[in-house]
Amino acid sequence: MLHAVFPGSFDPLHHGHLDVVRRAAGLFDRLTVAAVDNPLKRGQRFTLDERLAILTEATADLDNVVADRFDGLLVDYVRSLGARVLVKSLRGEGDVDVELQMAQLNRQLEPSVETVFLPTSPRWSFVSSTRVKEIAGLGGDVSMWVPEATLKRLQR
Ligand code: PNS
């Protein structure tokens with residue numbers, strides 16, 4: 001059984017993330033989508049509990065997908081689940097350096113875990129949580145980029 005983990009801040013979840021979730025769910029027997037607090041990222045809008053609630057709601061129709069949260073080192077969490085694959089998405093050149101660095105470091109920390117990269121679908125390649133937060137905060141309509149589970153919480 002091939003179990004993969006798709007980690008991220010998901011602050012908040014948008015359609016680019018969900019597209020990767022659906023495609024990865026089709027590739028692996030089981031997929032855990034896991035939210036974490038990233039101390040390197042400022043301007044967090046949603047608590048980890050809220051992000052988990054959004055993930056749970058937005059992936060409810062996918063039988064082999066579980067939403068979760070974790071603290072600490074990603075590879076420790078992946079190991080604790082008995083998972084073997086890390087799923088990451090690449091929007092473009094800007095993501096490559098940073099994702100490649102993390103993949104190399106994670107593999108040195110835990111050689112049994114492989115990182116698999118999925119290119120973001122072109123339709124969503126310009127969407128980011130940061131811009132969604134900015135635009136929504138300024139009163140812009142973000143409904144084309146986020147699922148209902150995110151939208152209703154952004155509107156609160
Ligand atoms: O959605 P993001 O913020 O780009 O995701 C980054 C994330 C969560 C994958 C990364 O920050 C991470 O792996 N955090 C867990 C802590 C850790 O293991 N750091 C070492 C990475 S080499």
# chains A, B, ... in the order shown; residues from 1 in each chain; ligands from 1
$ residues_near_ligand --ligand "ligand 1" --cutoff "7 Å" --atoms "only C-alpha atoms and all ligand atoms" --output "VMD selection string"
chain A and resid 7 to 10 36 38 41 72 to 75 102 to 103 105 to 106
$ write_last_selection --atoms "all heavy atoms" --output "compact mmCIF listing (two decimals), in the first residue's frame"
# COMPACT_ATOMS: atom_id res chain seq x y z
N PRO A 7 2.13 17.87 2.38
CA PRO A 7 2.20 18.83 3.49
C PRO A 7 2.12 20.27 2.99
O PRO A 7 2.43 20.56 1.83
CB PRO A 7 3.60 18.57 4.05
CG PRO A 7 4.41 18.24 2.82
CD PRO A 7 3.48 17.59 1.81
N GLY A 8 1.73 21.16 3.88
CA GLY A 8 1.73 22.57 3.50
C GLY A 8 1.16 23.43 4.60
O GLY A 8 0.68 22.92 5.62
N SER A 9 1.23 24.74 4.39
CA SER A 9 0.62 25.67 5.35
C SER A 9 -0.90 25.72 5.12
O SER A 9 -1.68 25.84 6.06
CB SER A 9 1.19 27.07 5.18
OG SER A 9 2.60 27.05 5.33
N PHE A 10 -1.31 25.67 3.86
CA PHE A 10 -2.74 25.71 3.50
C PHE A 10 -3.46 26.85 4.22
O PHE A 10 -4.51 26.66 4.84
CB PHE A 10 -3.42 24.36 3.79
CG PHE A 10 -2.77 23.19 3.10
CD1 PHE A 10 -2.16 22.16 3.82
CD2 PHE A 10 -2.73 23.12 1.72
CE1 PHE A 10 -1.55 21.10 3.19
CE2 PHE A 10 -2.12 22.05 1.06
CZ PHE A 10 -1.53 21.04 1.81
N VAL A 36 0.58 22.44 8.66
CA VAL A 36 1.57 22.73 9.71
C VAL A 36 1.72 24.24 9.84
O VAL A 36 1.47 24.98 8.88
CB VAL A 36 2.94 22.07 9.36
CG1 VAL A 36 3.54 22.69 8.11
CG2 VAL A 36 3.91 22.15 10.52
N ASN A 38 3.99 27.22 9.74
CA ASN A 38 5.32 27.49 9.21
C ASN A 38 5.81 28.81 9.83
O ASN A 38 5.37 29.88 9.42
CB ASN A 38 5.25 27.59 7.68
CG ASN A 38 6.62 27.76 7.05
OD1 ASN A 38 7.59 28.05 7.75
ND2 ASN A 38 6.69 27.58 5.74
N LYS A 41 6.76 31.84 7.78
CA LYS A 41 5.76 32.60 7.03
C LYS A 41 5.01 33.53 7.95
O LYS A 41 4.41 33.11 8.93
CB LYS A 41 4.76 31.64 6.36
CG LYS A 41 5.28 31.09 5.07
CD LYS A 41 4.17 30.49 4.24
CE LYS A 41 4.72 30.01 2.90
NZ LYS A 41 3.77 29.19 2.18
N GLY A 72 6.52 19.98 14.24
CA GLY A 72 7.88 19.44 14.20
C GLY A 72 8.34 19.09 12.80
O GLY A 72 7.82 19.61 11.81
N LEU A 73 9.30 18.19 12.75
CA LEU A 73 9.92 17.83 11.47
C LEU A 73 8.97 17.00 10.61
O LEU A 73 8.37 16.04 11.08
CB LEU A 73 11.16 16.98 11.73
CG LEU A 73 12.54 17.62 11.75
CD1 LEU A 73 13.59 16.53 11.78
CD2 LEU A 73 12.77 18.55 10.55
N LEU A 74 8.89 17.41 9.35
CA LEU A 74 8.01 16.70 8.42
C LEU A 74 8.39 15.22 8.29
O LEU A 74 7.51 14.35 8.30
CB LEU A 74 8.09 17.40 7.05
CG LEU A 74 7.35 16.78 5.91
CD1 LEU A 74 5.86 16.66 6.20
CD2 LEU A 74 7.57 17.58 4.62
N VAL A 75 9.68 14.93 8.18
CA VAL A 75 10.05 13.52 7.98
C VAL A 75 9.71 12.65 9.20
O VAL A 75 9.40 11.47 9.05
CB VAL A 75 11.55 13.34 7.59
CG1 VAL A 75 11.79 13.81 6.16
CG2 VAL A 75 12.47 14.01 8.57
N MET A 102 14.47 21.46 -0.16
CA MET A 102 13.78 20.71 0.89
C MET A 102 13.76 19.21 0.59
O MET A 102 13.93 18.39 1.49
CB MET A 102 12.35 21.24 1.07
CG MET A 102 12.31 22.55 1.80
SD MET A 102 10.66 22.95 2.44
CE MET A 102 9.90 23.68 1.02
N ALA A 103 13.57 18.86 -0.69
CA ALA A 103 13.54 17.44 -1.05
C ALA A 103 14.89 16.78 -0.75
O ALA A 103 14.96 15.67 -0.21
CB ALA A 103 13.19 17.29 -2.53
N LEU A 105 17.21 17.80 1.42
CA LEU A 105 17.45 17.76 2.86
C LEU A 105 16.58 16.68 3.51
O LEU A 105 17.05 15.92 4.36
CB LEU A 105 17.17 19.13 3.49
CG LEU A 105 18.14 20.25 3.05
CD1 LEU A 105 17.66 21.60 3.58
CD2 LEU A 105 19.56 19.96 3.54
N ASN A 106 15.32 16.62 3.11
CA ASN A 106 14.43 15.61 3.69
C ASN A 106 14.91 14.20 3.39
O ASN A 106 14.81 13.30 4.22
CB ASN A 106 12.99 15.79 3.17
CG ASN A 106 12.27 16.92 3.87
OD1 ASN A 106 12.55 17.22 5.03
ND2 ASN A 106 11.35 17.57 3.18
$ residues_around --residues "range 22-25 of chain A" --least-positions-apart "2" --cutoff "12 Å" --atoms "only C-alpha atoms" --output "VMD selection string"
chain A and resid 2 to 6 15 to 20 27 to 33 58 to 66 85 to 89 116 to 121
$ write_last_selection --atoms "N, CA and C atoms" --output "JSON list (two decimals), in the first residue's frame"
[["chain", "number", "residue", "atom", "x", "y", "z"],
["A", 2, "LEU", "N", 0.70, 2.07, -1.00],
["A", 2, "LEU", "CA", 1.54, 3.28, -1.09],
["A", 2, "LEU", "C", 0.81, 4.47, -0.47],
["A", 3, "HIS", "N", 1.37, 4.93, 0.64],
["A", 3, "HIS", "CA", 0.78, 6.04, 1.39],
["A", 3, "HIS", "C", 1.62, 7.29, 1.17],
["A", 4, "ALA", "N", 1.00, 8.37, 0.72],
["A", 4, "ALA", "CA", 1.72, 9.62, 0.47],
["A", 4, "ALA", "C", 1.19, 10.72, 1.39],
["A", 5, "VAL", "N", 2.05, 11.70, 1.63],
["A", 5, "VAL", "CA", 1.68, 12.85, 2.44],
["A", 5, "VAL", "C", 1.87, 14.12, 1.61],
["A", 6, "PHE", "N", 0.86, 14.97, 1.59],
["A", 6, "PHE", "CA", 0.96, 16.28, 0.93],
["A", 6, "PHE", "C", 0.95, 17.33, 2.04],
["A", 15, "HIS", "N", -7.84, 26.34, -4.88],
["A", 15, "HIS", "CA", -8.08, 25.31, -5.91],
["A", 15, "HIS", "C", -6.79, 24.69, -6.45],
["A", 16, "GLY", "N", -5.71, 25.46, -6.42],
["A", 16, "GLY", "CA", -4.42, 24.89, -6.86],
["A", 16, "GLY", "C", -4.03, 23.72, -5.97],
["A", 17, "HIS", "N", -4.20, 23.91, -4.65],
["A", 17, "HIS", "CA", -3.92, 22.81, -3.71],
["A", 17, "HIS", "C", -4.86, 21.63, -3.98],
["A", 18, "LEU", "N", -6.16, 21.95, -4.12],
["A", 18, "LEU", "CA", -7.15, 20.88, -4.26],
["A", 18, "LEU", "C", -6.93, 20.07, -5.53],
["A", 19, "ASP", "N", -6.47, 20.74, -6.57],
["A", 19, "ASP", "CA", -6.18, 20.04, -7.82],
["A", 19, "ASP", "C", -5.06, 19.01, -7.61],
["A", 20, "VAL", "N", -4.05, 19.41, -6.84],
["A", 20, "VAL", "CA", -2.94, 18.48, -6.53],
["A", 20, "VAL", "C", -3.45, 17.34, -5.65],
["A", 27, "LEU", "N", -3.13, 8.74, -7.71],
["A", 27, "LEU", "CA", -1.86, 8.05, -7.92],
["A", 27, "LEU", "C", -1.50, 7.10, -6.78],
["A", 28, "PHE", "N", -1.92, 7.46, -5.56],
["A", 28, "PHE", "CA", -1.52, 6.69, -4.38],
["A", 28, "PHE", "C", -2.72, 6.03, -3.72],
["A", 29, "ASP", "N", -2.45, 4.93, -2.97],
["A", 29, "ASP", "CA", -3.56, 4.23, -2.30],
["A", 29, "ASP", "C", -4.20, 5.11, -1.23],
["A", 30, "ARG", "N", -3.33, 5.84, -0.55],
["A", 30, "ARG", "CA", -3.82, 6.67, 0.54],
["A", 30, "ARG", "C", -3.06, 7.99, 0.52],
["A", 31, "LEU", "N", -3.76, 9.09, 0.79],
["A", 31, "LEU", "CA", -3.10, 10.40, 0.81],
["A", 31, "LEU", "C", -3.50, 11.13, 2.09],
["A", 32, "THR", "N", -2.50, 11.55, 2.84],
["A", 32, "THR", "CA", -2.75, 12.41, 4.00],
["A", 32, "THR", "C", -2.35, 13.83, 3.63],
["A", 33, "VAL", "N", -3.31, 14.74, 3.74],
["A", 33, "VAL", "CA", -3.02, 16.16, 3.49],
["A", 33, "VAL", "C", -2.81, 16.77, 4.87],
["A", 58, "ALA", "N", -13.25, 20.15, 2.52],
["A", 58, "ALA", "CA", -13.03, 20.23, 1.07],
["A", 58, "ALA", "C", -12.60, 18.89, 0.47],
["A", 59, "THR", "N", -12.16, 17.95, 1.31],
["A", 59, "THR", "CA", -11.71, 16.65, 0.77],
["A", 59, "THR", "C", -12.66, 15.52, 1.16],
["A", 60, "ALA", "N", -13.81, 15.90, 1.72],
["A", 60, "ALA", "CA", -14.75, 14.90, 2.25],
["A", 60, "ALA", "C", -15.21, 13.90, 1.18],
["A", 61, "ASP", "N", -15.21, 14.32, -0.08],
["A", 61, "ASP", "CA", -15.70, 13.43, -1.15],
["A", 61, "ASP", "C", -14.61, 12.46, -1.64],
["A", 62, "LEU", "N", -13.42, 12.57, -1.12],
["A", 62, "LEU", "CA", -12.32, 11.71, -1.60],
["A", 62, "LEU", "C", -12.06, 10.61, -0.56],
["A", 63, "ASP", "N", -12.43, 9.37, -0.93],
["A", 63, "ASP", "CA", -12.40, 8.26, 0.02],
["A", 63, "ASP", "C", -11.03, 7.96, 0.60],
["A", 64, "ASN", "N", -9.99, 8.10, -0.21],
["A", 64, "ASN", "CA", -8.65, 7.69, 0.26],
["A", 64, "ASN", "C", -7.82, 8.88, 0.77],
["A", 65, "VAL", "N", -8.50, 10.01, 1.03],
["A", 65, "VAL", "CA", -7.79, 11.19, 1.52],
["A", 65, "VAL", "C", -8.18, 11.49, 2.97],
["A", 66, "VAL", "N", -7.16, 11.72, 3.79],
["A", 66, "VAL", "CA", -7.38, 12.08, 5.19],
["A", 66, "VAL", "C", -6.71, 13.43, 5.43],
["A", 85, "VAL", "N", 6.03, 8.45, 0.69],
["A", 85, "VAL", "CA", 6.13, 9.47, -0.37],
["A", 85, "VAL", "C", 5.67, 10.83, 0.15],
["A", 86, "LEU", "N", 6.41, 11.85, -0.27],
["A", 86, "LEU", "CA", 6.02, 13.23, 0.00],
["A", 86, "LEU", "C", 5.57, 13.83, -1.33],
["A", 87, "VAL", "N", 4.40, 14.40, -1.36],
["A", 87, "VAL", "CA", 3.92, 15.05, -2.59],
["A", 87, "VAL", "C", 4.11, 16.55, -2.43],
["A", 88, "LYS", "N", 4.72, 17.16, -3.43],
["A", 88, "LYS", "CA", 4.88, 18.62, -3.46],
["A", 88, "LYS", "C", 4.44, 19.09, -4.84],
["A", 89, "SER", "N", 3.96, 20.33, -4.90],
["A", 89, "SER", "CA", 3.57, 20.85, -6.21],
["A", 89, "SER", "C", 4.52, 21.97, -6.63],
["A", 116, "VAL", "N", 7.87, 13.39, -4.50],
["A", 116, "VAL", "CA", 7.34, 13.36, -5.86],
["A", 116, "VAL", "C", 6.73, 14.73, -6.15],
["A", 117, "PHE", "N", 7.15, 15.32, -7.27],
["A", 117, "PHE", "CA", 6.65, 16.65, -7.63],
["A", 117, "PHE", "C", 5.55, 16.55, -8.69],
["A", 118, "LEU", "N", 4.47, 17.27, -8.45],
["A", 118, "LEU", "CA", 3.41, 17.37, -9.46],
["A", 118, "LEU", "C", 3.35, 18.82, -9.94],
["A", 119, "PRO", "N", 3.40, 19.02, -11.25],
["A", 119, "PRO", "CA", 3.27, 20.39, -11.74],
["A", 119, "PRO", "C", 1.84, 20.87, -11.51],
["A", 120, "THR", "N", 1.72, 22.08, -11.00],
["A", 120, "THR", "CA", 0.39, 22.67, -10.82],
["A", 120, "THR", "C", -0.28, 22.79, -12.17],
["A", 121, "SER", "N", -1.58, 22.53, -12.22],
["A", 121, "SER", "CA", -2.30, 22.73, -13.48],
["A", 121, "SER", "C", -2.20, 24.21, -13.88]]
$ atom_distance --atom1 "CA of Pro12 in chain A" --atom2 "CA of Ser129 in chain A"
5.6 Å
$ closest_residue --among "A:Gln104, A:Ser112, A:Ser128, A:Thr47" --to "Gly82 in chain A" --atoms "only C-alpha atoms"
A:Ser112
